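J.: Got a structure for you, written out below as structure tokens; questions coming shortly.
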Amino acid sequence: MDDDKQSITTQQIKDYLEEHVDFFLDHPDALDSLQLAQPPEGTISLVQRQLERLKGKNQQLHEQLSMLIDNARQNTALQARIHQLCLRLMDAPSFGALLPMLMTELKQEFNADEVALRWFYAGDTPPALPETDENIVQQHADAEDLRIFDKLLSKQQPVCGRLTKAQNELLFPQKADKVQSVACLPLGHEPCAGILAIASYDEDRFHADMATDYLSFLGEVTMRLLRPYG
């Protein structure tokens with residue numbers, strides 16, 4: 001059988017590289033698989049470039065590992081504090097004491113700038129709320145303006161990061177332009193009792209890589225505390 005494939009000679013490779021002197025600059029990944037000997041002292045080598053790339057990758061991996069460890073420590077500490085917060089909320093002596101305690105302590109525990117509660121009701125008349133200056137609003141579960149949260153609520157789990165302008169304006173009408181990142185917690189599901197939003201003026205405070213297990217727990221506890229009064 002005739003084989004019309006031609007093997008590439010060493011000279012052809014050499015000629016190609018001489019004609020394309022920027023080949024390894026344009027294709028640095030090709031260096032990773034090369035096995036190169038050390039060159040004579042004082043000469044510029046591909047080995048040196050290869051070692052520099054490996055050193056850069058190792059540094060990047062080290063930084064990523066340090067970040068993961070730091071995040072794990074912060075999440076563990078926060079999880080313990082949220083557990084204690086939930087116990088304190090369950091010990092609230094009255095409904096009138098529960099809501100201010102919820103809002104105030106969430107700001108403290110999360111070092112947040114704003115906290116908003118949108119409490120859903122299904123009947124014709126919203127349940128009575130104690131007087132409070134906190135950002136707490138009752139809305140009918142079928143309210144048209146809540147549709148901007150349909151995608152978030154359908155996930156049935158907390159979402160951290162940036163909200164849309166319309167979502168910020170609904171949750172934080174007086175501070176929407178300042179809010180840069182939010183942890184948004186659906187309060188249970190089937191049916192959802194509301195939305196609890198913890199916000200920061202810092203865009204990096206709440207982000208998509210944050211662990212959300214403890215936020216789910218907080219949302220479920222808050223839902224159970226509010227539902228008897230809904």
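Every chain in the structure tokens has a letter given in the order shown (A, B, ...), and although residue numbers restart at 1 in each chain, ligands are simply numbered from 1 in the order shown.
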List as a PyMOL selection string the protein and nucleic acid residues near stretch 138-140 of chain A, meaning an atom at most 7 Å away when only C-alpha atoms are counted, but skip any in the same chain fewer than 2 places from it.
T.: chain A and resi 118-122+126+136+142-143
J.: Just to be explicit: take each residue in the selection above, keep C-alpha atoms, and write the result as a CSV table (one decimal), in the first residue's frame.
T.:
```
chain,number,residue,atom,x,y,z
A,118,ARG,CA,-39.9,41.2,51.6
A,119,TRP,CA,-42.5,39.1,53.3
A,120,PHE,CA,-45.1,37.4,51.0
A,121,TYR,CA,-48.7,36.8,51.9
A,122,ALA,CA,-51.4,35.0,50.0
A,126,PRO,CA,-51.5,41.3,54.9
A,136,ILE,CA,-39.5,45.3,55.9
A,142,ASP,CA,-48.6,37.2,43.1
A,143,ALA,CA,-47.5,40.8,42.9
```
J.: Find the residues around A:Phe110 up to 9 Å (only C-alpha atoms counted), leave out those fewer than 2 positions away in its own chain, and share them as a PyMOL selection string.
T.: chain A and resi 78+105-108+112-113+198-199
J.: Choose the residue, out of A:Ala211, A:Lys175, A:Leu226, A:Tyr201, that has the smallest atom-to-atom separation from A:Leu129; count only C-alpha atoms.
T.: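 Between A:Ala211, A:Lys175, A:Leu226, A:Tyr201, the residue approaching A:Leu129 most closely is A:Leu226.
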J.: Run DSSP on the backbone and grab whatever in stretch 16-151 of chain A lands in helix (DSSP H, G or I); send it over as number ranges by chain.
T.: A: 16-19, 23-26, 28-33, 46-90, 95-109, 144-151
J.: Find the residues around A:Leu85 up to 10 Å (only C-alpha atoms counted), leave out those fewer than 6 positions away in its own chain, and share them as a compact mmCIF listing (two decimals) with N, CA and C atoms, in the first residue's frame.
T.:
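Dumped to result_26.txt:
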```
# COMPACT_ATOMS: atom_id res chain seq x y z
N GLN A 79 -20.37 30.20 59.96
CA GLN A 79 -21.38 29.17 60.17
C GLN A 79 -21.69 29.01 61.66
N ASP A 91 -35.30 32.35 70.53
CA ASP A 91 -35.59 32.73 71.92
C ASP A 91 -36.22 34.11 72.04
N MET A 101 -34.70 42.32 65.92
CA MET A 101 -33.52 41.50 66.24
C MET A 101 -32.96 40.85 64.97
N LEU A 102 -33.83 40.33 64.13
CA LEU A 102 -33.41 39.69 62.88
C LEU A 102 -32.62 40.67 62.02
N GLU A 105 -29.20 42.06 63.86
CA GLU A 105 -28.13 41.08 64.04
C GLU A 105 -27.58 40.58 62.71
N LEU A 106 -28.41 40.56 61.68
CA LEU A 106 -27.88 40.19 60.37
C LEU A 106 -26.86 41.21 59.89
N GLU A 109 -23.65 40.42 61.98
CA GLU A 109 -22.98 39.15 61.69
C GLU A 109 -22.35 39.13 60.30
N LEU A 218 -30.11 29.48 57.33
CA LEU A 218 -30.66 30.71 57.87
C LEU A 218 -32.01 31.03 57.24
```
J.: Find the residues near A:Glu114: any atom within 12 Å, counting only C-alpha atoms, skip ones fewer than 5 places away on the same chain, and give them as a ChimeraX atom specification.
T.: /A:103-108,134-136,168,171-176,178-184,196-202
J.: May I have the selected residues written with N, CA and C atoms, as a PDB file, in the first residue's frame?
T.:
```pdb
ATOM      1  N   MET A 103     -33.157  41.851  61.807  1.00  0.00           N
ATOM      2  CA  MET A 103     -32.534  42.808  60.912  1.00  0.00           C
ATOM      3  C   MET A 103     -31.222  43.353  61.484  1.00  0.00           C
ATOM      4  N   THR A 104     -31.232  43.691  62.758  1.00  0.00           N
ATOM      5  CA  THR A 104     -30.048  44.272  63.388  1.00  0.00           C
ATOM      6  C   THR A 104     -28.899  43.272  63.458  1.00  0.00           C
ATOM      7  N   GLU A 105     -29.202  42.064  63.860  1.00  0.00           N
ATOM      8  CA  GLU A 105     -28.134  41.078  64.040  1.00  0.00           C
ATOM      9  C   GLU A 105     -27.584  40.582  62.710  1.00  0.00           C
ATOM     10  N   LEU A 106     -28.409  40.562  61.682  1.00  0.00           N
ATOM     11  CA  LEU A 106     -27.883  40.188  60.365  1.00  0.00           C
ATOM     12  C   LEU A 106     -26.859  41.213  59.891  1.00  0.00           C
ATOM     13  N   LYS A 107     -27.131  42.486  60.118  1.00  0.00           N
ATOM     14  CA  LYS A 107     -26.157  43.520  59.746  1.00  0.00           C
ATOM     15  C   LYS A 107     -24.834  43.297  60.469  1.00  0.00           C
ATOM     16  N   GLN A 108     -24.913  42.967  61.742  1.00  0.00           N
ATOM     17  CA  GLN A 108     -23.701  42.784  62.537  1.00  0.00           C
ATOM     18  C   GLN A 108     -22.939  41.532  62.111  1.00  0.00           C
ATOM     19  N   GLU A 134     -37.264  49.356  60.253  1.00  0.00           N
ATOM     20  CA  GLU A 134     -36.451  48.489  59.403  1.00  0.00           C
ATOM     21  C   GLU A 134     -37.060  48.372  58.002  1.00  0.00           C
ATOM     22  N   ASN A 135     -36.234  47.923  57.048  1.00  0.00           N
ATOM     23  CA  ASN A 135     -36.648  47.782  55.651  1.00  0.00           C
ATOM     24  C   ASN A 135     -37.428  46.469  55.485  1.00  0.00           C
ATOM     25  N   ILE A 136     -38.660  46.487  55.983  1.00  0.00           N
ATOM     26  CA  ILE A 136     -39.540  45.315  55.922  1.00  0.00           C
ATOM     27  C   ILE A 136     -40.817  45.710  55.197  1.00  0.00           C
ATOM     28  N   ASN A 168     -32.489  45.722  42.714  1.00  0.00           N
ATOM     29  CA  ASN A 168     -31.970  46.600  43.766  1.00  0.00           C
ATOM     30  C   ASN A 168     -32.985  47.680  44.144  1.00  0.00           C
ATOM     31  N   LEU A 171     -35.769  46.181  46.325  1.00  0.00           N
ATOM     32  CA  LEU A 171     -35.363  45.787  47.673  1.00  0.00           C
ATOM     33  C   LEU A 171     -34.841  46.962  48.491  1.00  0.00           C
ATOM     34  N   PHE A 172     -34.130  47.863  47.842  1.00  0.00           N
ATOM     35  CA  PHE A 172     -33.478  48.971  48.552  1.00  0.00           C
ATOM     36  C   PHE A 172     -33.811  50.296  47.859  1.00  0.00           C
ATOM     37  N   PRO A 173     -35.059  50.709  47.903  1.00  0.00           N
ATOM     38  CA  PRO A 173     -35.477  51.875  47.113  1.00  0.00           C
ATOM     39  C   PRO A 173     -34.719  53.152  47.431  1.00  0.00           C
ATOM     40  N   GLN A 174     -34.247  53.306  48.660  1.00  0.00           N
ATOM     41  CA  GLN A 174     -33.523  54.517  49.042  1.00  0.00           C
ATOM     42  C   GLN A 174     -32.014  54.406  48.814  1.00  0.00           C
ATOM     43  N   LYS A 175     -31.494  53.189  48.690  1.00  0.00           N
ATOM     44  CA  LYS A 175     -30.045  53.000  48.605  1.00  0.00           C
ATOM     45  C   LYS A 175     -29.636  52.154  47.408  1.00  0.00           C
ATOM     46  N   ALA A 176     -30.509  52.031  46.426  1.00  0.00           N
ATOM     47  CA  ALA A 176     -30.246  51.138  45.289  1.00  0.00           C
ATOM     48  C   ALA A 176     -28.956  51.480  44.562  1.00  0.00           C
ATOM     49  N   LYS A 178     -26.264  52.628  45.818  1.00  0.00           N
ATOM     50  CA  LYS A 178     -25.086  52.330  46.632  1.00  0.00           C
ATOM     51  C   LYS A 178     -24.816  50.824  46.742  1.00  0.00           C
ATOM     52  N   VAL A 179     -25.864  50.032  46.665  1.00  0.00           N
ATOM     53  CA  VAL A 179     -25.723  48.583  46.842  1.00  0.00           C
ATOM     54  C   VAL A 179     -24.965  47.981  45.660  1.00  0.00           C
ATOM     55  N   GLN A 180     -23.877  47.280  45.963  1.00  0.00           N
ATOM     56  CA  GLN A 180     -23.021  46.698  44.923  1.00  0.00           C
ATOM     57  C   GLN A 180     -23.010  45.172  44.928  1.00  0.00           C
ATOM     58  N   SER A 181     -23.284  44.550  46.052  1.00  0.00           N
ATOM     59  CA  SER A 181     -23.331  43.084  46.099  1.00  0.00           C
ATOM     60  C   SER A 181     -24.326  42.653  47.172  1.00  0.00           C
ATOM     61  N   VAL A 182     -24.961  41.494  46.931  1.00  0.00           N
ATOM     62  CA  VAL A 182     -26.075  41.071  47.785  1.00  0.00           C
ATOM     63  C   VAL A 182     -26.042  39.558  47.971  1.00  0.00           C
ATOM     64  N   ALA A 183     -26.386  39.124  49.187  1.00  0.00           N
ATOM     65  CA  ALA A 183     -26.726  37.722  49.435  1.00  0.00           C
ATOM     66  C   ALA A 183     -28.242  37.662  49.536  1.00  0.00           C
ATOM     67  N   CYS A 184     -28.879  36.964  48.591  1.00  0.00           N
ATOM     68  CA  CYS A 184     -30.337  36.927  48.494  1.00  0.00           C
ATOM     69  C   CYS A 184     -30.834  35.538  48.888  1.00  0.00           C
ATOM     70  N   LEU A 196     -35.140  37.440  51.818  1.00  0.00           N
ATOM     71  CA  LEU A 196     -34.276  38.148  52.761  1.00  0.00           C
ATOM     72  C   LEU A 196     -33.004  38.513  52.011  1.00  0.00           C
ATOM     73  N   ALA A 197     -32.684  39.805  51.980  1.00  0.00           N
ATOM     74  CA  ALA A 197     -31.522  40.276  51.220  1.00  0.00           C
ATOM     75  C   ALA A 197     -30.555  40.995  52.147  1.00  0.00           C
ATOM     76  N   ILE A 198     -29.289  40.564  52.101  1.00  0.00           N
ATOM     77  CA  ILE A 198     -28.229  41.152  52.923  1.00  0.00           C
ATOM     78  C   ILE A 198     -27.252  41.808  51.956  1.00  0.00           C
ATOM     79  N   ALA A 199     -27.073  43.124  52.070  1.00  0.00           N
ATOM     80  CA  ALA A 199     -26.377  43.867  51.021  1.00  0.00           C
ATOM     81  C   ALA A 199     -25.167  44.616  51.551  1.00  0.00           C
ATOM     82  N   SER A 200     -24.249  44.884  50.618  1.00  0.00           N
ATOM     83  CA  SER A 200     -23.034  45.634  50.930  1.00  0.00           C
ATOM     84  C   SER A 200     -22.800  46.681  49.854  1.00  0.00           C
ATOM     85  N   TYR A 201     -22.149  47.778  50.246  1.00  0.00           N
ATOM     86  CA  TYR A 201     -21.725  48.786  49.279  1.00  0.00           C
ATOM     87  C   TYR A 201     -20.419  48.380  48.600  1.00  0.00           C
ATOM     88  N   ASP A 202     -19.827  47.289  49.061  1.00  0.00           N
ATOM     89  CA  ASP A 202     -18.589  46.750  48.499  1.00  0.00           C
ATOM     90  C   ASP A 202     -18.935  45.663  47.485  1.00  0.00           C
TER      91      ASP A 202
END
```
J.: Which one is closest to A:Leu215: A:Arg147, A:Arg81, A:His62, A:Lys14? Count only C-alpha atoms.
T.: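 Nearest candidate to A:Leu215 out of A:Arg147, A:Arg81, A:His62, A:Lys14: A:Arg81.
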J.: DSSP on the backbone, strand (DSSP E) only: what residues of stretch 44-216 of chain A does that give? Format it as a list in words.
T.: Glu114, Val115, Ala116, Leu117, Arg118, Trp119, Phe120, Tyr121, Ile136, Val137, Gln138, Gln139, His140, Val159, Cys160, Gly161, Ser181, Val182, Ala183, Cys184, Leu185, Pro186, Gly194, Ile195, Leu196, Ala197, Ile198, Ala199 and Ser200 of chain A
J.: Given only C-alpha atoms as the basis, pick out the residue of A:Val221, A:Ile195, A:Leu146, A:Ile13 nearest to A:Val115.
T.: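 So, comparing all the options, the nearest one is A:Ile195.
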J.: Would you work out the distance separating atom CA of A:Ser154 from atom CA of A:Ser216, expressed in Å to one decimal?
T.: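 Going from atom CA of A:Ser154 over to atom CA of A:Ser216, I get 14.1 Å.
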J.: Select, from A:Leu51, A:Leu98, A:Ala208, A:Leu117, the residue with the minimum atom-to-atom distance to A:Cys160, counting only C-alpha atoms.
T.: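 Once distances to A:Cys160 are computed over only C-alpha atoms, the minimum belongs to A:Ala208.
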J.: What does the distance between atom CA of A:Gly219 and atom CA of A:Gly194 come to in Å, to one decimal place?
T.: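 According to the coordinates, atom CA of A:Gly219 and atom CA of A:Gly194 are separated by 9.4 Å.
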J.: Go ahead and compute the interatomic distance for atom CA of A:Leu170 and atom CA of A:Leu153, in Å to one decimal.
T.: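 That distance, rounded to one decimal, is 15.0 Å.
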